[in-house]
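Chemist: I'm passing along entry_11.pdb; it holds PDB, C-alpha atoms and all ligand atoms.
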ATOM      1  CA  MET A   1      70.407  68.695 116.070
ATOM      2  CA  THR A   2      71.182  72.062 114.504
ATOM      3  CA  PRO A   3      70.651  71.871 110.768
ATOM      4  CA  GLN A   4      73.938  72.083 108.875
ATOM      5  CA  ARG A   5      74.075  74.847 106.351
ATOM      6  CA  SER A   6      76.282  74.189 103.400
ATOM      7  CA  GLU A   7      79.505  76.117 103.130
ATOM      8  CA  HIS A   8      79.381  79.456 101.370
ATOM      9  CA  VAL A   9      81.971  79.174  98.625
ATOM     10  CA  ALA A  10      82.545  82.222  96.444
ATOM     11  CA  VAL A  11      84.581  82.914  93.345
ATOM     12  CA  TYR A  12      86.218  86.321  92.883
ATOM     13  CA  PRO A  13      87.133  86.420  89.188
ATOM     14  CA  GLY A  14      89.236  88.959  87.343
ATOM     15  CA  SER A  15      92.372  89.553  85.385
ATOM     16  CA  PHE A  16      94.393  90.817  88.367
ATOM     17  CA  ASP A  17      97.128  92.181  86.113
ATOM     18  CA  PRO A  18      98.389  93.147  88.611
ATOM     19  CA  LEU A  19      96.638  92.565  91.951
ATOM     20  CA  THR A  20      95.953  96.029  93.399
ATOM     21  CA  LEU A  21      95.000  97.231  96.860
ATOM     22  CA  GLY A  22      91.472  97.670  95.445
ATOM     23  CA  HIS A  23      91.321  93.925  94.712
ATOM     24  CA  ASP A  24      92.880  93.265  98.106
ATOM     25  CA  ASP A  25      90.185  95.339  99.806
ATOM     26  CA  ILE A  26      87.442  93.294  98.120
ATOM     27  CA  ILE A  27      89.225  90.005  98.893
ATOM     28  CA  ARG A  28      89.473  90.853 102.608
ATOM     29  CA  ARG A  29      85.820  91.917 102.745
ATOM     30  CA  GLY A  30      84.884  88.704 100.944
ATOM     31  CA  LEU A  31      86.845  86.581 103.392
ATOM     32  CA  ARG A  32      84.719  88.021 106.210
ATOM     33  CA  ILE A  33      81.445  86.862 104.699
ATOM     34  CA  VAL A  34      82.159  83.525 103.024
ATOM     35  CA  ASP A  35      83.650  80.251 104.240
ATOM     36  CA  ARG A  36      85.924  79.797 101.243
ATOM     37  CA  LEU A  37      87.043  82.239  98.605
ATOM     38  CA  ILE A  38      88.475  81.208  95.268
ATOM     39  CA  VAL A  39      90.368  83.994  93.538
ATOM     40  CA  ALA A  40      90.111  83.007  89.888
ATOM     41  CA  VAL A  41      92.480  84.537  87.346
ATOM     42  CA  ALA A  42      90.809  84.565  83.949
ATOM     43  CA  GLU A  43      92.954  83.072  81.205
ATOM     44  CA  THR A  44      91.180  84.940  78.420
ATOM     45  CA  SER A  45      93.435  87.908  79.000
ATOM     46  CA  THR A  46      96.505  85.870  77.966
ATOM     47  CA  GLN A  47      95.877  87.018  74.422
ATOM     48  CA  ASP A  48      96.021  90.603  75.590
ATOM     49  CA  LYS A  49      99.230  92.035  74.200
ATOM     50  CA  ARG A  50      99.139  94.732  76.824
ATOM     51  CA  ALA A  51      99.335  92.150  79.608
ATOM     52  CA  LEU A  52     102.013  92.836  82.177
ATOM     53  CA  PHE A  53     102.311  89.493  83.957
ATOM     54  CA  THR A  54     101.596  85.986  82.709
ATOM     55  CA  ILE A  55      98.685  84.089  84.239
ATOM     56  CA  GLU A  56     101.163  81.890  86.158
ATOM     57  CA  GLU A  57     102.954  84.942  87.552
ATOM     58  CA  ARG A  58      99.647  86.442  88.683
ATOM     59  CA  VAL A  59      98.543  83.216  90.378
ATOM     60  CA  GLN A  60     101.925  82.902  92.067
ATOM     61  CA  VAL A  61     102.035  86.435  93.428
ATOM     62  CA  ILE A  62      98.423  86.312  94.679
ATOM     63  CA  ALA A  63      99.167  82.997  96.412
ATOM     64  CA  SER A  64     102.167  84.565  98.112
ATOM     65  CA  VAL A  65     100.192  87.614  99.305
ATOM     66  CA  TYR A  66      97.524  85.396 100.915
ATOM     67  CA  ALA A  67      99.746  82.522 102.023
ATOM     68  CA  ASN A  68      98.348  82.817 105.567
ATOM     69  CA  GLU A  69      94.686  82.817 104.570
ATOM     70  CA  ALA A  70      93.581  79.207 104.878
ATOM     71  CA  ALA A  71      90.137  80.023 103.447
ATOM     72  CA  LEU A  72      91.587  81.453 100.243
ATOM     73  CA  GLU A  73      92.644  79.569  97.163
ATOM     74  CA  VAL A  74      93.949  81.030  93.924
ATOM     75  CA  VAL A  75      93.650  79.336  90.553
ATOM     76  CA  SER A  76      93.384  80.226  86.906
ATOM     77  CA  PHE A  77      90.442  79.304  84.731
ATOM     78  CA  SER A  78      89.484  79.438  81.096
ATOM     79  CA  GLY A  79      86.111  79.336  79.437
ATOM     80  CA  LEU A  80      82.856  80.406  80.986
ATOM     81  CA  LEU A  81      82.937  81.670  84.552
ATOM     82  CA  VAL A  82      79.695  79.837  85.363
ATOM     83  CA  ASP A  83      81.196  76.542  84.204
ATOM     84  CA  PHE A  84      84.189  77.090  86.443
ATOM     85  CA  ALA A  85      82.007  78.126  89.408
ATOM     86  CA  ARG A  86      79.745  75.115  88.936
ATOM     87  CA  SER A  87      82.732  72.768  88.742
ATOM     88  CA  ARG A  88      83.781  74.050  92.178
ATOM     89  CA  ASP A  89      80.222  74.058  93.537
ATOM     90  CA  ALA A  90      80.613  77.780  94.189
ATOM     91  CA  ARG A  91      77.226  79.450  94.011
ATOM     92  CA  LEU A  92      78.456  82.936  94.787
ATOM     93  CA  ILE A  93      80.418  85.333  92.628
ATOM     94  CA  ILE A  94      81.992  88.385  94.218
ATOM     95  CA  ARG A  95      82.616  91.516  92.169
ATOM     96  CA  GLY A  96      83.860  94.925  93.191
ATOM     97  CA  LEU A  97      81.939  98.048  92.240
ATOM     98  CA  ARG A  98      83.997 101.201  92.089
ATOM     99  CA  ALA A  99      81.603 103.650  90.559
ATOM    100  CA  VAL A 100      78.366 103.901  88.649
ATOM    101  CA  SER A 101      80.419 103.416  85.498
ATOM    102  CA  ASP A 102      81.123  99.802  86.556
ATOM    103  CA  PHE A 103      77.468  99.154  87.223
ATOM    104  CA  GLU A 104      75.914  98.680  83.812
ATOM    105  CA  TYR A 105      78.414  96.114  82.582
ATOM    106  CA  GLU A 106      78.516  94.290  85.905
ATOM    107  CA  PHE A 107      74.741  94.139  86.154
ATOM    108  CA  GLN A 108      74.419  92.819  82.612
ATOM    109  CA  MET A 109      77.067  90.213  83.241
ATOM    110  CA  ALA A 110      75.472  89.148  86.538
ATOM    111  CA  LEU A 111      72.118  88.604  84.868
ATOM    112  CA  MET A 112      73.670  86.745  81.948
ATOM    113  CA  ASN A 113      75.634  84.488  84.280
ATOM    114  CA  ARG A 114      72.550  83.765  86.347
ATOM    115  CA  SER A 115      70.583  83.006  83.265
ATOM    116  CA  LEU A 116      73.305  80.478  82.365
ATOM    117  CA  TRP A 117      73.200  78.986  85.880
ATOM    118  CA  PRO A 118      70.096  79.927  87.894
ATOM    119  CA  GLU A 119      71.584  78.776  91.201
ATOM    120  CA  LEU A 120      74.205  81.478  91.050
ATOM    121  CA  ASP A 121      74.147  84.738  93.014
ATOM    122  CA  VAL A 122      76.412  87.726  92.550
ATOM    123  CA  ILE A 123      77.539  89.875  95.466
ATOM    124  CA  PHE A 124      78.716  93.384  94.653
ATOM    125  CA  MET A 125      81.038  94.939  97.164
ATOM    126  CA  ALA A 126      82.145  98.559  97.444
ATOM    127  CA  PRO A 127      85.800  99.108  98.309
ATOM    128  CA  ASP A 128      87.148 101.616 100.782
ATOM    129  CA  ASN A 129      86.928 105.180  99.431
ATOM    130  CA  ARG A 130      90.678 105.270  98.942
ATOM    131  CA  TYR A 131      90.451 102.671  96.180
ATOM    132  CA  THR A 132      87.436 103.774  94.188
ATOM    133  CA  PHE A 133      89.632 105.351  91.497
ATOM    134  CA  LEU A 134      92.036 102.434  91.273
ATOM    135  CA  SER A 135      92.189 100.031  88.348
ATOM    136  CA  ALA A 136      94.827  97.516  87.314
ATOM    137  CA  SER A 137      95.080  99.122  83.882
ATOM    138  CA  LEU A 138      95.858 102.518  85.422
ATOM    139  CA  VAL A 139      98.513 100.957  87.669
ATOM    140  CA  ARG A 140     100.107  99.248  84.628
ATOM    141  CA  GLU A 141     100.134 102.517  82.724
ATOM    142  CA  VAL A 142     101.675 104.520  85.575
ATOM    143  CA  ALA A 143     104.350 101.856  86.166
ATOM    144  CA  ARG A 144     105.203 101.637  82.454
ATOM    145  CA  LEU A 145     105.745 105.382  82.392
ATOM    146  CA  GLY A 146     108.087 105.247  85.381
ATOM    147  CA  GLY A 147     105.621 106.358  88.079
ATOM    148  CA  ASP A 148     105.584 105.193  91.675
ATOM    149  CA  VAL A 149     102.792 102.662  92.278
ATOM    150  CA  SER A 150     103.789 101.699  95.815
ATOM    151  CA  GLU A 151     100.568 103.122  97.256
ATOM    152  CA  TYR A 152      98.382 101.039  94.993
ATOM    153  CA  VAL A 153      99.693  97.475  95.127
ATOM    154  CA  PRO A 154     100.733  95.030  97.884
ATOM    155  CA  PRO A 155     104.518  94.882  98.575
ATOM    156  CA  ALA A 156     104.977  91.503  96.828
ATOM    157  CA  VAL A 157     103.420  92.913  93.654
ATOM    158  CA  LEU A 158     105.511  96.072  93.889
ATOM    159  CA  GLU A 159     108.656  93.956  94.110
ATOM    160  CA  ARG A 160     107.791  92.241  90.846
ATOM    161  CA  MET A 161     106.917  95.502  89.157
ATOM    162  CA  VAL A 162     110.257  96.997  90.138
ATOM    163  CA  GLU A 163     111.974  93.883  88.721
ATOM    164  CA  ARG A 164     110.089  94.470  85.481
ATOM    165  CA  PHE A 165     110.344  98.238  85.144
ATOM    166  CA  GLY A 166     113.153  99.247  87.485
ATOM    167  CA  PRO A 167     112.655 101.666  90.376
ATOM    168  CA  PRO A 168     110.276 104.582  89.756
ATOM    169  CA  ALA A 169     111.781 107.735  88.260
ATOM    170  CA  ARG A 170     112.381 110.399  90.940
ATOM    171  CA  GLY A 171     110.217 113.456  90.304
ATOM    172  CA  ASP A 172     112.564 115.679  92.325
ATOM    173  CA  ALA A 173     115.805 114.627  90.614
TER     174      ALA A 173
HETATM  175  P1  LIG B   1      90.589  95.887  86.716
HETATM  176  O1  LIG B   1      89.204  96.364  86.370
HETATM  177  O2  LIG B   1      91.241  96.686  87.787
HETATM  178  O3  LIG B   1      91.461  95.575  85.541
HETATM  179  P2  LIG B   1      89.912  93.095  87.130
HETATM  180  O4  LIG B   1      89.394  92.825  85.789
HETATM  181  O5  LIG B   1      91.021  92.236  87.609
HETATM  182  O6  LIG B   1      90.401  94.547  87.434
HETATM  183  O7  LIG B   1      88.706  93.111  88.162
HETATM  184  C1  LIG B   1      88.292  92.061  88.945
HETATM  185  C2  LIG B   1      87.194  92.562  89.848
HETATM  186  O8  LIG B   1      87.751  93.462  90.807
HETATM  187  C3  LIG B   1      86.065  93.346  89.191
HETATM  188  O9  LIG B   1      84.862  93.029  89.857
HETATM  189  C4  LIG B   1      86.432  94.769  89.425
HETATM  190  O10 LIG B   1      85.298  95.600  89.437
HETATM  191  C5  LIG B   1      87.025  94.668  90.799
HETATM  192  N1  LIG B   1      87.934  95.761  91.101
HETATM  193  C6  LIG B   1      89.045  96.128  90.430
HETATM  194  N2  LIG B   1      89.626  97.196  91.006
HETATM  195  C7  LIG B   1      88.856  97.517  92.075
HETATM  196  C8  LIG B   1      88.896  98.545  93.051
HETATM  197  N3  LIG B   1      89.829  99.475  93.040
HETATM  198  N4  LIG B   1      87.942  98.549  93.981
HETATM  199  C9  LIG B   1      86.960  97.629  93.965
HETATM  200  N5  LIG B   1      86.841  96.652  93.071
HETATM  201  C10 LIG B   1      87.768  96.584  92.132
END
Let me see whether you can do it: turn the structure in this file into structure tokens.
Ligand code: ADP
Modeler:
Amino acid sequence: MTPQRSEHVAVYPGSFDPLTLGHDDIIRRGLRIVDRLIVAVAETSTQDKRALFTIEERVQVIASVYANEAALEVVSFSGLLVDFARSRDARLIIRGLRAVSDFEYEFQMALMNRSLWPELDVIFMAPDNRYTFLSASLVREVARLGGDVSEYVPPAVLERMVERFGPPARGDA
């Protein structure tokens, strides 16, 4: 009999305020290499006064974007990421690396998390070149100032941003 390997379950944690095409790129890459992917929206950012969407809104919109992906689940979590991952028996964490500037913090966090739970491994994934400059905070800022963010977020997210901020100001008006 072929030995059964256990399922590879990974958590992709973040604030996803909002979900961008950079996140989407990492999610789709992740789905190709793991059996199940849990997109985990961190509740710590609720206290952030600069938050755009509530945790529930973020979970809802992410669920709608990936409604056809049976291997993907989206939830929110609070407390330590390792505690959440352990509770789901997920021994892999996926993180996106945009540039060297992300590296130091991510590396530190990976080692800290693994020291808290030695069975954990962290996979760093590079996004497509088009998204290396993209961050949720930049998208929030551009949208707040009336800029067009349609090239940076999935259509379902854009819809909600337009509801919140109105249509982007026309530069040629
Ligand atoms: P942000 O840094 O955009 O506010 P999050 O805190 O939600 O995003 O990040 C969650 C994870 O997604 C992190 O690992 C972060 O490095 C990664 N990530 C965010 N934006 C991108 C992007 N454009 N390309 C690749 N990874 C990204």
Chemist: Considering only C-alpha atoms, tabulate each residue of range 32-111 of chain A that lies at most 10 Å from range 124-137 of chain A along with its nearest interatomic pair and the corresponding distance in Å to one decimal; arrange the rows by chain and ascending residue number and present them as a tab-separated table.
Modeler:
residue	atom	partner	partner_atom	distance
A:Arg50	CA	A:Ser137	CA	9.3
A:Ala51	CA	A:Ser137	CA	9.2
A:Leu52	CA	A:Ser137	CA	9.5
A:Ile93	CA	A:Phe124	CA	8.5
A:Ile94	CA	A:Phe124	CA	6.0
A:Arg95	CA	A:Phe124	CA	5.0
A:Gly96	CA	A:Met125	CA	4.9
A:Leu97	CA	A:Ala126	CA	5.2
A:Arg98	CA	A:Thr132	CA	4.8
A:Ala99	CA	A:Thr132	CA	6.9
A:Phe103	CA	A:Phe124	CA	9.5
A:Glu106	CA	A:Phe124	CA	8.8
A:Phe107	CA	A:Phe124	CA	9.4
A:Ala110	CA	A:Phe124	CA	9.7
Chemist: Hey, could you pull the box centre and edge lengths for ligand LIG 1 (chain B), axis-aligned, 4 Å padding per side, all listed atoms, to one decimal in Å, as lines of an AutoDock Vina configuration file?
Modeler:
center_x = 88.2
center_y = 95.8
center_z = 89.8
size_x = 14.6
size_y = 15.4
size_z = 16.4
Chemist: To test your reading of the syntax: which residues would the PyMOL selection byres (((chain A and resi 19-27) around 6) and not hetatm) return for the file shown? Reply as a PyMOL selection string.
Modeler: chain A and resi 16-18+28-30+127+131+152-153
Chemist: Take the residues from that selection and put them in a file with C-alpha atoms, as a compact mmCIF listing (two decimals), in the coordinates of the input.
Modeler:
# COMPACT_ATOMS: atom_id res chain seq x y z
CA PHE A 16 94.39 90.82 88.37
CA ASP A 17 97.13 92.18 86.11
CA PRO A 18 98.39 93.15 88.61
CA ARG A 28 89.47 90.85 102.61
CA ARG A 29 85.82 91.92 102.74
CA GLY A 30 84.88 88.70 100.94
CA PRO A 127 85.80 99.11 98.31
CA TYR A 131 90.45 102.67 96.18
CA TYR A 152 98.38 101.04 94.99
CA VAL A 153 99.69 97.48 95.13
Chemist: What does the PyMOL selection byres (((chain A and resi 161) around 12) and not hetatm) select in this file, as a PDB file with C-alpha atoms, keeping the file's coordinate frame?
Modeler:
ATOM      1  CA  ASP A  17      97.128  92.181  86.113  1.00  0.00           C
ATOM      2  CA  PRO A  18      98.389  93.147  88.611  1.00  0.00           C
ATOM      3  CA  LEU A  19      96.638  92.565  91.951  1.00  0.00           C
ATOM      4  CA  THR A  20      95.953  96.029  93.399  1.00  0.00           C
ATOM      5  CA  LEU A  52     102.013  92.836  82.177  1.00  0.00           C
ATOM      6  CA  PHE A  53     102.311  89.493  83.957  1.00  0.00           C
ATOM      7  CA  GLU A  57     102.954  84.942  87.552  1.00  0.00           C
ATOM      8  CA  ARG A  58      99.647  86.442  88.683  1.00  0.00           C
ATOM      9  CA  VAL A  61     102.035  86.435  93.428  1.00  0.00           C
ATOM     10  CA  VAL A 139      98.513 100.957  87.669  1.00  0.00           C
ATOM     11  CA  ARG A 140     100.107  99.248  84.628  1.00  0.00           C
ATOM     12  CA  GLU A 141     100.134 102.517  82.724  1.00  0.00           C
ATOM     13  CA  VAL A 142     101.675 104.520  85.575  1.00  0.00           C
ATOM     14  CA  ALA A 143     104.350 101.856  86.166  1.00  0.00           C
ATOM     15  CA  ARG A 144     105.203 101.637  82.454  1.00  0.00           C
ATOM     16  CA  GLY A 146     108.087 105.247  85.381  1.00  0.00           C
ATOM     17  CA  GLY A 147     105.621 106.358  88.079  1.00  0.00           C
ATOM     18  CA  ASP A 148     105.584 105.193  91.675  1.00  0.00           C
ATOM     19  CA  VAL A 149     102.792 102.662  92.278  1.00  0.00           C
ATOM     20  CA  SER A 150     103.789 101.699  95.815  1.00  0.00           C
ATOM     21  CA  TYR A 152      98.382 101.039  94.993  1.00  0.00           C
ATOM     22  CA  VAL A 153      99.693  97.475  95.127  1.00  0.00           C
ATOM     23  CA  PRO A 154     100.733  95.030  97.884  1.00  0.00           C
ATOM     24  CA  PRO A 155     104.518  94.882  98.575  1.00  0.00           C
ATOM     25  CA  ALA A 156     104.977  91.503  96.828  1.00  0.00           C
ATOM     26  CA  VAL A 157     103.420  92.913  93.654  1.00  0.00           C
ATOM     27  CA  LEU A 158     105.511  96.072  93.889  1.00  0.00           C
ATOM     28  CA  GLU A 159     108.656  93.956  94.110  1.00  0.00           C
ATOM     29  CA  ARG A 160     107.791  92.241  90.846  1.00  0.00           C
ATOM     30  CA  VAL A 162     110.257  96.997  90.138  1.00  0.00           C
ATOM     31  CA  GLU A 163     111.974  93.883  88.721  1.00  0.00           C
ATOM     32  CA  ARG A 164     110.089  94.470  85.481  1.00  0.00           C
ATOM     33  CA  PHE A 165     110.344  98.238  85.144  1.00  0.00           C
ATOM     34  CA  GLY A 166     113.153  99.247  87.485  1.00  0.00           C
ATOM     35  CA  PRO A 167     112.655 101.666  90.376  1.00  0.00           C
ATOM     36  CA  PRO A 168     110.276 104.582  89.756  1.00  0.00           C
TER      37      PRO A 168
END
Chemist: Rank A:Glu56, A:Asp83, A:Asp121, A:Asp102 by their smallest atom-to-atom distance to ligand LIG 1 (chain B), using all atoms listed in the file, and report the top residue only.
Modeler: A:Asp102
Chemist: In Å, with one decimal, what is the gap from CA of Val59 in chain A to CA of Val82 in chain A?
Modeler: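 About the pair CA of Val59 in chain A and CA of Val82 in chain A: they are 19.8 Å apart.
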Chemist: Restricting the calculation to only C-alpha atoms: of A:Ser64, A:Ser115, A:Ser101, A:Ser76, which residue gets closest to Pro13 in chain A?
Modeler: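 Between A:Ser64, A:Ser115, A:Ser101, A:Ser76, the residue approaching Pro13 in chain A most closely is A:Ser76.
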Chemist: Tell me, in Å to one decimal, how far CA of Arg86 in chain A is from CA of Ala40 in chain A.
Modeler: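 Interatomic distance here is 13.1 Å.
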Chemist: Measuring atom to atom with all atoms listed in the file, identify which of A:Phe77, A:Phe84, A:Trp117, A:Tyr12 is nearest to ligand LIG 1 (chain B).
Modeler: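 When distances to ligand LIG 1 (chain B) are compared using all atoms listed in the file, the smallest one comes from A:Tyr12.
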Chemist: Taking only C-alpha atoms and all ligand atoms into account, which of A:Val65, A:Leu72, A:Val11, A:Met112 comes nearest ligand LIG 1 (chain B)?
Modeler: A:Val11
Chemist: CA of Val122 in chain A to CA of Glu151 in chain A: how many Å, to one decimal?
Modeler: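 Separation between CA of Val122 in chain A and CA of Glu151 in chain A: 29.0 Å.
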Chemist: Using only C-alpha atoms, which of A:Val9, A:Leu111, A:Ala63, A:Leu80 sits nearest Thr44 in chain A?
Modeler: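 For Thr44 in chain A, the nearest of the given residues is A:Leu80.
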Chemist: Given the choices A:Ala10, A:Val41, A:Leu81, A:Ala169, which gets closest to ligand LIG 1 (chain B) if the distance is worked out from only C-alpha atoms and all ligand atoms?
Modeler: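 Of the candidates, the smallest distance to ligand LIG 1 (chain B) is held by A:Val41.
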